[in-house]
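Dropping entry-v6.tsv in here (TSV, N, CA and C atoms):
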```
chain	number	residue	atom	x	y	z
Q	27	MET	N	222.37	88.29	34.56
Q	27	MET	CA	221.53	88.65	35.70
Q	27	MET	C	220.89	90.02	35.44
Q	28	LEU	N	220.25	90.55	36.44
Q	28	LEU	CA	219.60	91.85	36.30
Q	28	LEU	C	220.59	92.98	36.54
Q	29	GLY	N	220.44	94.06	35.77
Q	29	GLY	CA	221.29	95.22	35.93
Q	29	GLY	C	220.80	96.11	37.07
Q	30	PRO	N	221.56	97.17	37.39
Q	30	PRO	CA	221.20	98.05	38.50
Q	30	PRO	C	219.80	98.68	38.37
Q	31	ARG	N	219.44	99.11	37.18
Q	31	ARG	CA	218.10	99.71	37.01
Q	31	ARG	C	217.01	98.66	37.19
Q	32	HIS	N	217.26	97.46	36.68
Q	32	HIS	CA	216.30	96.37	36.88
Q	32	HIS	C	216.10	96.10	38.37
Q	33	LEU	N	217.21	96.10	39.11
Q	33	LEU	CA	217.12	95.82	40.54
Q	33	LEU	C	216.32	96.88	41.29
Q	34	LEU	N	216.52	98.15	40.93
Q	34	LEU	CA	215.74	99.22	41.56
Q	34	LEU	C	214.25	99.07	41.25
Q	35	THR	N	213.96	98.74	40.01
Q	35	THR	CA	212.57	98.55	39.61
Q	35	THR	C	211.97	97.34	40.30
Q	36	LEU	N	212.74	96.25	40.36
Q	36	LEU	CA	212.26	95.04	41.03
Q	36	LEU	C	212.00	95.30	42.51
Q	37	GLN	N	212.90	96.02	43.16
Q	37	GLN	CA	212.70	96.32	44.58
Q	37	GLN	C	211.42	97.12	44.79
Q	38	ALA	N	211.21	98.14	43.97
Q	38	ALA	CA	209.98	98.94	44.09
Q	38	ALA	C	208.75	98.09	43.78
Q	39	LEU	N	208.87	97.20	42.82
Q	39	LEU	CA	207.76	96.31	42.47
Q	39	LEU	C	207.41	95.38	43.64
Q	40	VAL	N	208.42	94.75	44.21
Q	40	VAL	CA	208.20	93.84	45.34
Q	40	VAL	C	207.57	94.59	46.51
Q	41	ASP	N	208.07	95.79	46.79
Q	41	ASP	CA	207.53	96.57	47.91
Q	41	ASP	C	206.17	97.18	47.60
Q	42	THR	N	205.76	97.17	46.37
Q	42	THR	CA	204.40	97.59	46.02
Q	42	THR	C	203.45	96.40	46.17
Q	43	ILE	N	203.89	95.25	45.75
Q	43	ILE	CA	203.08	94.04	45.88
Q	43	ILE	C	202.92	93.67	47.35
Q	44	ILE	N	204.00	93.79	48.12
Q	44	ILE	CA	203.98	93.47	49.55
Q	44	ILE	C	204.51	94.70	50.29
Q	45	PRO	N	203.64	95.68	50.51
Q	45	PRO	CA	204.09	96.92	51.15
Q	45	PRO	C	204.32	96.74	52.66
Q	46	GLU	N	205.14	97.61	53.18
Q	46	GLU	CA	205.39	97.64	54.61
Q	46	GLU	C	204.13	98.10	55.34
Q	47	ASP	N	203.86	97.47	56.46
Q	47	ASP	CA	202.79	97.92	57.36
Q	47	ASP	C	203.32	97.69	58.77
Q	48	ASP	N	202.64	96.96	59.60
Q	48	ASP	CA	203.19	96.63	60.92
Q	48	ASP	C	204.37	95.67	60.80
Q	49	TYR	N	204.53	95.08	59.63
Q	49	TYR	CA	205.61	94.15	59.34
Q	49	TYR	C	206.41	94.70	58.17
Q	50	PRO	N	207.66	94.25	58.04
Q	50	PRO	CA	208.48	94.74	56.93
Q	50	PRO	C	207.86	94.42	55.57
Q	51	GLY	N	208.17	95.23	54.58
Q	51	GLY	CA	207.71	94.98	53.22
Q	51	GLY	C	208.44	93.80	52.61
Q	52	GLY	N	208.07	93.50	51.38
Q	52	GLY	CA	208.59	92.33	50.70
Q	52	GLY	C	210.10	92.29	50.56
Q	53	TRP	N	210.69	93.40	50.17
Q	53	TRP	CA	212.13	93.39	49.92
Q	53	TRP	C	212.89	93.12	51.22
Q	54	GLU	N	212.51	93.83	52.27
Q	54	GLU	CA	213.18	93.66	53.56
Q	54	GLU	C	212.94	92.26	54.13
Q	55	SER	N	211.85	91.64	53.74
Q	55	SER	CA	211.51	90.30	54.22
Q	55	SER	C	212.22	89.20	53.44
Q	56	GLY	N	213.05	89.56	52.48
Q	56	GLY	CA	213.85	88.58	51.76
Q	56	GLY	C	213.31	88.14	50.42
Q	57	VAL	N	212.21	88.75	49.97
Q	57	VAL	CA	211.63	88.35	48.69
Q	57	VAL	C	212.60	88.61	47.54
Q	58	GLY	N	213.29	89.74	47.59
Q	58	GLY	CA	214.25	90.07	46.52
Q	58	GLY	C	215.35	89.03	46.42
Q	59	GLU	N	215.92	88.67	47.56
Q	59	GLU	CA	216.98	87.65	47.56
Q	59	GLU	C	216.46	86.33	47.02
Q	60	TYR	N	215.25	85.98	47.42
Q	60	TYR	CA	214.62	84.75	46.94
Q	60	TYR	C	214.48	84.79	45.42
Q	61	LEU	N	213.93	85.89	44.90
Q	61	LEU	CA	213.73	85.99	43.45
Q	61	LEU	C	215.04	85.93	42.70
Q	62	LEU	N	216.03	86.66	43.17
Q	62	LEU	CA	217.32	86.67	42.47
Q	62	LEU	C	217.95	85.28	42.48
Q	63	ARG	N	217.85	84.59	43.59
Q	63	ARG	CA	218.38	83.22	43.66
Q	63	ARG	C	217.62	82.31	42.70
Q	64	GLN	N	216.29	82.45	42.66
Q	64	GLN	CA	215.48	81.63	41.77
Q	64	GLN	C	215.78	81.93	40.29
Q	65	LEU	N	216.02	83.21	39.98
Q	65	LEU	CA	216.32	83.58	38.60
Q	65	LEU	C	217.67	83.04	38.14
Q	66	GLU	N	218.51	82.65	39.09
Q	66	GLU	CA	219.79	82.03	38.76
Q	66	GLU	C	219.68	80.50	38.70
Q	67	SER	N	218.54	79.98	39.14
Q	67	SER	CA	218.41	78.51	39.17
Q	67	SER	C	217.07	78.08	38.56
Q	68	ASP	N	216.11	77.75	39.39
Q	68	ASP	CA	214.85	77.17	38.90
Q	68	ASP	C	214.08	78.07	37.94
Q	69	LEU	N	214.19	79.38	38.10
Q	69	LEU	CA	213.45	80.31	37.22
Q	69	LEU	C	214.36	80.96	36.18
Q	70	SER	N	215.49	80.36	35.89
Q	70	SER	CA	216.42	80.96	34.92
Q	70	SER	C	215.77	81.15	33.55
Q	71	TYR	N	214.81	80.30	33.23
Q	71	TYR	CA	214.09	80.44	31.96
Q	71	TYR	C	213.24	81.72	31.92
Q	72	CYS	N	213.01	82.33	33.07
Q	72	CYS	CA	212.20	83.57	33.16
Q	72	CYS	C	213.05	84.84	33.12
Q	73	LEU	N	214.36	84.72	33.19
Q	73	LEU	CA	215.22	85.89	33.34
Q	73	LEU	C	215.01	86.92	32.22
Q	74	THR	N	215.00	86.49	30.99
Q	74	THR	CA	214.81	87.43	29.87
Q	74	THR	C	213.44	88.09	29.96
Q	75	SER	N	212.42	87.31	30.30
Q	75	SER	CA	211.08	87.88	30.44
Q	75	SER	C	211.02	88.89	31.58
Q	76	TYR	N	211.69	88.59	32.68
Q	76	TYR	CA	211.75	89.55	33.79
Q	76	TYR	C	212.40	90.86	33.33
Q	77	ARG	N	213.54	90.75	32.65
Q	77	ARG	CA	214.22	91.96	32.16
Q	77	ARG	C	213.30	92.76	31.24
Q	78	ASP	N	212.71	92.09	30.28
Q	78	ASP	CA	211.83	92.76	29.32
Q	78	ASP	C	210.64	93.40	30.02
Q	79	TRP	N	210.04	92.69	30.95
Q	79	TRP	CA	208.86	93.19	31.65
Q	79	TRP	C	209.23	94.39	32.53
Q	80	LEU	N	210.35	94.30	33.25
Q	80	LEU	CA	210.79	95.42	34.09
Q	80	LEU	C	211.13	96.63	33.24
Q	81	ASP	N	211.76	96.42	32.07
Q	81	ASP	CA	212.03	97.53	31.15
Q	81	ASP	C	210.73	98.18	30.68
Q	82	ALA	N	209.76	97.37	30.34
Q	82	ALA	CA	208.47	97.90	29.87
Q	82	ALA	C	207.76	98.67	30.98
Q	83	LEU	N	207.86	98.18	32.21
Q	83	LEU	CA	207.26	98.87	33.34
Q	83	LEU	C	207.92	100.24	33.53
Q	84	GLU	N	209.22	100.30	33.39
Q	84	GLU	CA	209.94	101.58	33.47
Q	84	GLU	C	209.49	102.55	32.38
Q	85	ILE	N	209.37	102.05	31.17
Q	85	ILE	CA	208.94	102.89	30.05
Q	85	ILE	C	207.54	103.42	30.31
Q	86	GLU	N	206.67	102.57	30.82
Q	86	GLU	CA	205.29	102.98	31.11
Q	86	GLU	C	205.26	104.04	32.22
Q	87	ALA	N	206.05	103.84	33.26
Q	87	ALA	CA	206.11	104.82	34.35
Q	87	ALA	C	206.60	106.17	33.83
Q	88	GLU	N	207.60	106.14	32.98
Q	88	GLU	CA	208.12	107.39	32.39
Q	88	GLU	C	207.06	108.04	31.51
Q	89	ARG	N	206.32	107.23	30.77
Q	89	ARG	CA	205.30	107.76	29.87
Q	89	ARG	C	204.15	108.40	30.65
Q	90	VAL	N	203.71	107.72	31.70
Q	90	VAL	CA	202.54	108.17	32.45
Q	90	VAL	C	202.89	109.24	33.49
Q	91	PHE	N	204.01	109.04	34.20
Q	91	PHE	CA	204.33	109.91	35.34
Q	91	PHE	C	205.60	110.74	35.14
Q	92	GLN	N	206.31	110.53	34.03
Q	92	GLN	CA	207.57	111.20	33.76
Q	92	GLN	C	208.60	110.95	34.87
Q	93	ARG	N	208.54	109.78	35.46
Q	93	ARG	CA	209.48	109.36	36.50
Q	93	ARG	C	209.70	107.87	36.38
Q	94	SER	N	210.82	107.42	36.93
Q	94	SER	CA	211.06	105.99	36.96
Q	94	SER	C	210.07	105.34	37.93
Q	95	PHE	N	209.82	104.07	37.74
Q	95	PHE	CA	208.89	103.36	38.62
Q	95	PHE	C	209.36	103.43	40.06
Q	96	ALA	N	210.65	103.24	40.29
Q	96	ALA	CA	211.19	103.27	41.65
Q	96	ALA	C	211.07	104.66	42.28
Q	97	GLY	N	211.00	105.69	41.45
Q	97	GLY	CA	210.89	107.05	41.96
Q	97	GLY	C	209.47	107.49	42.27
Q	98	LEU	N	208.50	106.62	41.99
Q	98	LEU	CA	207.10	106.96	42.24
Q	98	LEU	C	206.70	106.68	43.68
Q	99	ALA	N	205.73	107.41	44.16
Q	99	ALA	CA	205.14	107.12	45.47
Q	99	ALA	C	204.37	105.81	45.37
Q	100	LEU	N	204.17	105.18	46.51
Q	100	LEU	CA	203.46	103.89	46.54
Q	100	LEU	C	202.10	103.97	45.86
Q	101	LYS	N	201.38	105.04	46.07
Q	101	LYS	CA	200.04	105.19	45.48
Q	101	LYS	C	200.11	105.18	43.95
Q	102	SER	N	201.10	105.85	43.38
Q	102	SER	CA	201.25	105.88	41.92
Q	102	SER	C	201.73	104.54	41.38
Q	103	ARG	N	202.64	103.90	42.11
Q	103	ARG	CA	203.09	102.57	41.67
Q	103	ARG	C	201.92	101.59	41.69
Q	104	THR	N	201.10	101.67	42.73
Q	104	THR	CA	199.94	100.78	42.83
Q	104	THR	C	198.96	101.03	41.70
Q	105	ALA	N	198.70	102.29	41.39
Q	105	ALA	CA	197.78	102.62	40.29
Q	105	ALA	C	198.30	102.08	38.96
Q	106	LEU	N	199.59	102.23	38.73
Q	106	LEU	CA	200.17	101.73	37.49
Q	106	LEU	C	200.08	100.21	37.43
Q	107	LEU	N	200.34	99.52	38.53
Q	107	LEU	CA	200.25	98.06	38.53
Q	107	LEU	C	198.82	97.58	38.37
Q	108	LYS	N	197.85	98.32	38.89
Q	108	LYS	CA	196.45	97.96	38.65
Q	108	LYS	C	196.12	98.03	37.17
Q	109	ALA	N	196.61	99.06	36.49
Q	109	ALA	CA	196.39	99.17	35.05
Q	109	ALA	C	197.06	98.01	34.31
Q	110	VAL	N	198.26	97.65	34.74
Q	110	VAL	CA	198.96	96.51	34.14
Q	110	VAL	C	198.17	95.23	34.35
Q	111	GLU	N	197.73	95.01	35.57
Q	111	GLU	CA	196.99	93.79	35.91
Q	111	GLU	C	195.72	93.66	35.09
Q	112	GLN	N	195.07	94.78	34.84
Q	112	GLN	CA	193.81	94.77	34.10
Q	112	GLN	C	194.02	94.88	32.59
Q	113	GLY	N	195.27	94.87	32.15
Q	113	GLY	CA	195.57	94.93	30.73
Q	113	GLY	C	195.21	96.26	30.09
Q	114	GLU	N	195.26	97.33	30.87
Q	114	GLU	CA	194.85	98.65	30.38
Q	114	GLU	C	196.00	99.50	29.87
Q	115	ILE	N	197.17	98.91	29.71
Q	115	ILE	CA	198.32	99.62	29.17
Q	115	ILE	C	198.22	99.61	27.65
Q	116	LYS	N	198.38	100.77	27.07
Q	116	LYS	CA	198.21	100.88	25.62
Q	116	LYS	C	199.49	100.65	24.83
Q	117	SER	N	200.64	100.84	25.47
Q	117	SER	CA	201.90	100.68	24.74
Q	117	SER	C	202.19	99.19	24.53
Q	118	ASP	N	203.07	98.91	23.59
Q	118	ASP	CA	203.45	97.54	23.29
Q	118	ASP	C	204.44	97.02	24.32
Q	119	TRP	N	204.15	95.86	24.86
Q	119	TRP	CA	205.05	95.21	25.80
Q	119	TRP	C	205.54	93.92	25.15
Q	120	PRO	N	206.82	93.58	25.32
Q	120	PRO	CA	207.34	92.36	24.70
Q	120	PRO	C	206.84	91.10	25.38
Q	121	VAL	N	206.26	91.25	26.55
Q	121	VAL	CA	205.74	90.14	27.34
Q	121	VAL	C	204.30	90.50	27.70
Q	122	ASP	N	203.39	89.53	27.69
Q	122	ASP	CA	202.01	89.81	28.07
Q	122	ASP	C	201.99	90.46	29.45
Q	123	GLN	N	201.57	91.70	29.50
Q	123	GLN	CA	201.69	92.49	30.73
Q	123	GLN	C	200.92	91.90	31.90
Q	124	ALA	N	199.67	91.54	31.70
Q	124	ALA	CA	198.82	91.04	32.79
Q	124	ALA	C	199.23	89.64	33.22
Q	125	ALA	N	199.50	88.77	32.27
Q	125	ALA	CA	199.88	87.40	32.59
Q	125	ALA	C	201.20	87.35	33.33
Q	126	PHE	N	202.15	88.14	32.89
Q	126	PHE	CA	203.45	88.12	33.54
Q	126	PHE	C	203.36	88.78	34.92
Q	127	PHE	N	202.52	89.81	35.06
Q	127	PHE	CA	202.31	90.42	36.37
Q	127	PHE	C	201.77	89.37	37.35
Q	128	ALA	N	200.83	88.57	36.91
Q	128	ALA	CA	200.28	87.51	37.77
Q	128	ALA	C	201.39	86.54	38.18
Q	129	GLN	N	202.29	86.26	37.25
Q	129	GLN	CA	203.40	85.36	37.55
Q	129	GLN	C	204.34	85.99	38.58
Q	130	ILE	N	204.64	87.26	38.43
Q	130	ILE	CA	205.52	87.94	39.38
Q	130	ILE	C	204.87	87.98	40.77
Q	131	VAL	N	203.58	88.23	40.84
Q	131	VAL	CA	202.88	88.22	42.13
Q	131	VAL	C	203.00	86.83	42.76
Q	132	GLU	N	202.84	85.80	41.97
Q	132	GLU	CA	202.99	84.43	42.48
Q	132	GLU	C	204.40	84.20	43.01
Q	133	HIS	N	205.40	84.64	42.26
Q	133	HIS	CA	206.79	84.46	42.70
Q	133	HIS	C	207.06	85.23	43.99
Q	134	CYS	N	206.51	86.44	44.10
Q	134	CYS	CA	206.69	87.24	45.33
Q	134	CYS	C	206.01	86.56	46.51
Q	135	THR	N	204.84	86.01	46.28
Q	135	THR	CA	204.12	85.31	47.34
Q	135	THR	C	204.91	84.10	47.82
Q	136	GLU	N	205.48	83.36	46.87
Q	136	GLU	CA	206.33	82.22	47.23
Q	136	GLU	C	207.48	82.68	48.12
Q	137	GLY	N	208.14	83.76	47.71
Q	137	GLY	CA	209.28	84.26	48.47
Q	137	GLY	C	208.91	84.81	49.83
Q	138	TYR	N	207.71	85.30	49.95
Q	138	TYR	CA	207.28	85.89	51.22
Q	138	TYR	C	206.87	84.83	52.23
Q	139	TYR	N	206.19	83.79	51.78
Q	139	TYR	CA	205.64	82.79	52.70
Q	139	TYR	C	206.41	81.48	52.76
Q	140	ALA	N	207.42	81.31	51.94
Q	140	ALA	CA	208.15	80.04	51.88
Q	140	ALA	C	208.94	79.78	53.16
Q	141	ASP	N	209.41	78.58	53.28
Q	141	ASP	CA	210.25	78.18	54.41
Q	141	ASP	C	211.54	79.00	54.39
Q	142	PRO	N	211.88	79.64	55.50
Q	142	PRO	CA	213.13	80.40	55.54
Q	142	PRO	C	214.36	79.55	55.21
Q	143	GLY	N	214.29	78.27	55.44
Q	143	GLY	CA	215.38	77.37	55.09
Q	143	GLY	C	215.64	77.31	53.60
Q	144	ASN	N	214.67	77.74	52.81
Q	144	ASN	CA	214.82	77.78	51.35
Q	144	ASN	C	215.28	79.15	50.86
Q	145	GLY	N	215.71	80.00	51.79
Q	145	GLY	CA	216.23	81.31	51.40
Q	145	GLY	C	215.16	82.36	51.19
Q	146	ALA	N	214.03	82.20	51.82
Q	146	ALA	CA	212.94	83.16	51.67
Q	146	ALA	C	212.39	83.49	53.06
Q	147	ASN	N	211.39	84.39	53.12
Q	147	ASN	CA	210.69	84.66	54.38
Q	147	ASN	C	211.69	84.89	55.51
Q	148	ARG	N	212.54	85.91	55.33
Q	148	ARG	CA	213.62	86.19	56.27
Q	148	ARG	C	213.12	86.19	57.72
Q	149	ASP	N	213.79	85.42	58.55
Q	149	ASP	CA	213.48	85.30	59.98
Q	149	ASP	C	212.04	84.83	60.23
Q	150	GLY	N	211.41	84.24	59.24
Q	150	GLY	CA	210.04	83.74	59.39
Q	150	GLY	C	209.03	84.84	59.65
Q	151	ILE	N	209.34	86.04	59.17
Q	151	ILE	CA	208.49	87.22	59.45
Q	151	ILE	C	207.06	87.04	58.95
Q	152	ALA	N	206.91	86.47	57.76
Q	152	ALA	CA	205.55	86.27	57.22
Q	152	ALA	C	204.79	85.24	58.05
Q	153	TRP	N	205.48	84.24	58.53
Q	153	TRP	CA	204.84	83.25	59.38
Q	153	TRP	C	204.39	83.89	60.69
Q	154	ALA	N	205.23	84.75	61.26
Q	154	ALA	CA	204.87	85.44	62.50
Q	154	ALA	C	203.63	86.30	62.27
Q	155	MET	N	203.57	86.93	61.12
Q	155	MET	CA	202.45	87.80	60.79
Q	155	MET	C	201.12	87.05	60.81
Q	156	VAL	N	201.13	85.81	60.34
Q	156	VAL	CA	199.89	85.03	60.30
Q	156	VAL	C	199.71	84.12	61.51
Q	157	GLY	N	200.66	84.21	62.48
Q	157	GLY	CA	200.54	83.45	63.71
Q	157	GLY	C	201.04	82.02	63.64
Q	158	PHE	N	201.80	81.69	62.60
Q	158	PHE	CA	202.34	80.34	62.46
Q	158	PHE	C	203.61	80.22	63.30
Q	159	GLU	N	203.68	79.21	64.12
Q	159	GLU	CA	204.86	78.98	64.95
Q	159	GLU	C	205.49	77.64	64.60
Q	160	VAL	N	206.78	77.64	64.43
Q	160	VAL	CA	207.52	76.40	64.20
Q	160	VAL	C	207.82	75.81	65.57
Q	161	THR	N	207.39	74.59	65.78
Q	161	THR	CA	207.57	73.96	67.09
Q	161	THR	C	208.64	72.88	67.13
Q	162	ALA	N	209.17	72.54	66.00
Q	162	ALA	CA	210.22	71.50	65.99
Q	162	ALA	C	211.50	72.03	65.43
```

So that I can check it, write out the structure of this file as structure tokens.
Amino acid sequence: MLGPRHLLTLQALVDTIIPEDDYPGGWESGVGEYLLRQLESDLSYCLTSYRDWLDALEIEAERVFQRSFAGLALKSRTALLKAVEQGEIKSDWPVDQAAFFAQIVEHCTEGYYADPGNGANRDGIAWAMVGFEVTA
């Protein structure tokens, strides 16, 4: 599974992709639990790539900001992720930085909007945000 540093980086990543506003951010909304559960089951084939990608993100944050990714302000984390998304990182990453970032965003979106019965979207918060009501 993921180690403590990976978890801190993942939490900061999730909360950067889905930041808190009038509604809780991604981690508080259950996205982290969803991802960790998926990495133990359906996404187990992605676990090594997640570790490698999170390690590379940490290295990049240290290189650019001299701080861990989790220790950065939201604005700096967002700027770094924009560079990753656009493939503007110059250091070597063991996983395609932009392609894997797109995959992580997809996984976070799944965890944020999925049926709470599947262990995601804690208390249906994302559904409430978009005005979706369960009637049955």

_Given only N, CA and C atoms as the basis, pick out the residue of Q:Ile43, Q:Gln64, Q:Thr74, Q:Ser117 nearest to Val131 in chain Q._
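Among the listed residues, the smallest separation from Val131 in chain Q belongs to Q:Ile43.
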
Excluding range 95-97 of chain Q and any residue of its chain fewer than 5 positions from it, enumerate the residues within 6.5 Å of it, using all atoms listed in the file, and give them as a compact mmCIF listing (two decimals) with N, CA and C atoms, in the frame of the given file.
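Result file result17.txt:
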```
# COMPACT_ATOMS: atom_id res chain seq x y z
N LEU Q 34 216.52 98.15 40.93
CA LEU Q 34 215.74 99.22 41.56
C LEU Q 34 214.25 99.07 41.25
N THR Q 35 213.96 98.74 40.01
CA THR Q 35 212.57 98.55 39.61
C THR Q 35 211.97 97.34 40.30
N ALA Q 38 211.21 98.14 43.97
CA ALA Q 38 209.98 98.94 44.09
C ALA Q 38 208.75 98.09 43.78
N LEU Q 83 207.86 98.18 32.21
CA LEU Q 83 207.26 98.87 33.34
C LEU Q 83 207.92 100.24 33.53
N GLU Q 84 209.22 100.30 33.39
CA GLU Q 84 209.94 101.58 33.47
C GLU Q 84 209.49 102.55 32.38
N ALA Q 87 206.05 103.84 33.26
CA ALA Q 87 206.11 104.82 34.35
C ALA Q 87 206.60 106.17 33.83
N GLU Q 88 207.60 106.14 32.98
CA GLU Q 88 208.12 107.39 32.39
C GLU Q 88 207.06 108.04 31.51
```

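Between atom N of Cys134 in chain Q and CA of Val40 in chain Q the separation is 7.7 Å.
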
Give one line per residue of range 30-65 of chain Q that approaches range 136-147 of chain Q to at most 12 Å, naming the two atoms of the closest pair and their distance in Å to one decimal, counting only C-alpha atoms; sort by chain then ascending residue number and deliver it as a tab-separated table.
```
residue	atom	partner	partner_atom	distance
Q:Val40	CA	Q:Tyr138	CA	9.9
Q:Asp41	CA	Q:Tyr138	CA	11.2
Q:Ile43	CA	Q:Tyr138	CA	10.6
Q:Ile44	CA	Q:Tyr138	CA	8.4
Q:Pro45	CA	Q:Tyr138	CA	11.5
Q:Tyr49	CA	Q:Tyr138	CA	11.7
Q:Pro50	CA	Q:Tyr138	CA	10.6
Q:Gly51	CA	Q:Tyr138	CA	9.3
Q:Gly52	CA	Q:Tyr138	CA	6.6
Q:Trp53	CA	Q:Tyr138	CA	9.0
Q:Glu54	CA	Q:Asn147	CA	9.4
Q:Ser55	CA	Q:Asn147	CA	5.7
Q:Gly56	CA	Q:Ala146	CA	5.5
Q:Val57	CA	Q:Gly137	CA	4.7
Q:Gly58	CA	Q:Gly137	CA	7.9
Q:Glu59	CA	Q:Ala146	CA	7.3
Q:Tyr60	CA	Q:Ala146	CA	5.3
Q:Leu61	CA	Q:Gly137	CA	6.9
Q:Leu62	CA	Q:Gly137	CA	10.3
Q:Arg63	CA	Q:Gly145	CA	8.3
Q:Gln64	CA	Q:Gly137	CA	9.5
```

*Quick one: distance from atom N of Tyr76 in chain Q to atom C of Leu107 in chain Q in Å, one decimal?*
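About the pair atom N of Tyr76 in chain Q and atom C of Leu107 in chain Q: they are 16.7 Å apart.
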
*Distance of CA of Leu39 in chain Q from CA of Asp68 in chain Q, expressed in Å to one decimal place*: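 Separation of CA of Asp68 in chain Q and CA of Leu39 in chain Q: 20.7 Å.
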
*Can you check which residues of chain Q DSSP gives as alpha helix (DSSP H) on the backbone and send them as number ranges by chain?*
Q: 30-43, 57-65, 73-91, 100-111, 123-139, 151-156

*Have a look at Q:Gln112, Q:Trp79, Q:Ile130, Q:Met27 and name the one nearest to Leu65 in chain Q; count only N, CA and C atoms.*
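Closest residue, counting only N, CA and C atoms: Q:Met27.
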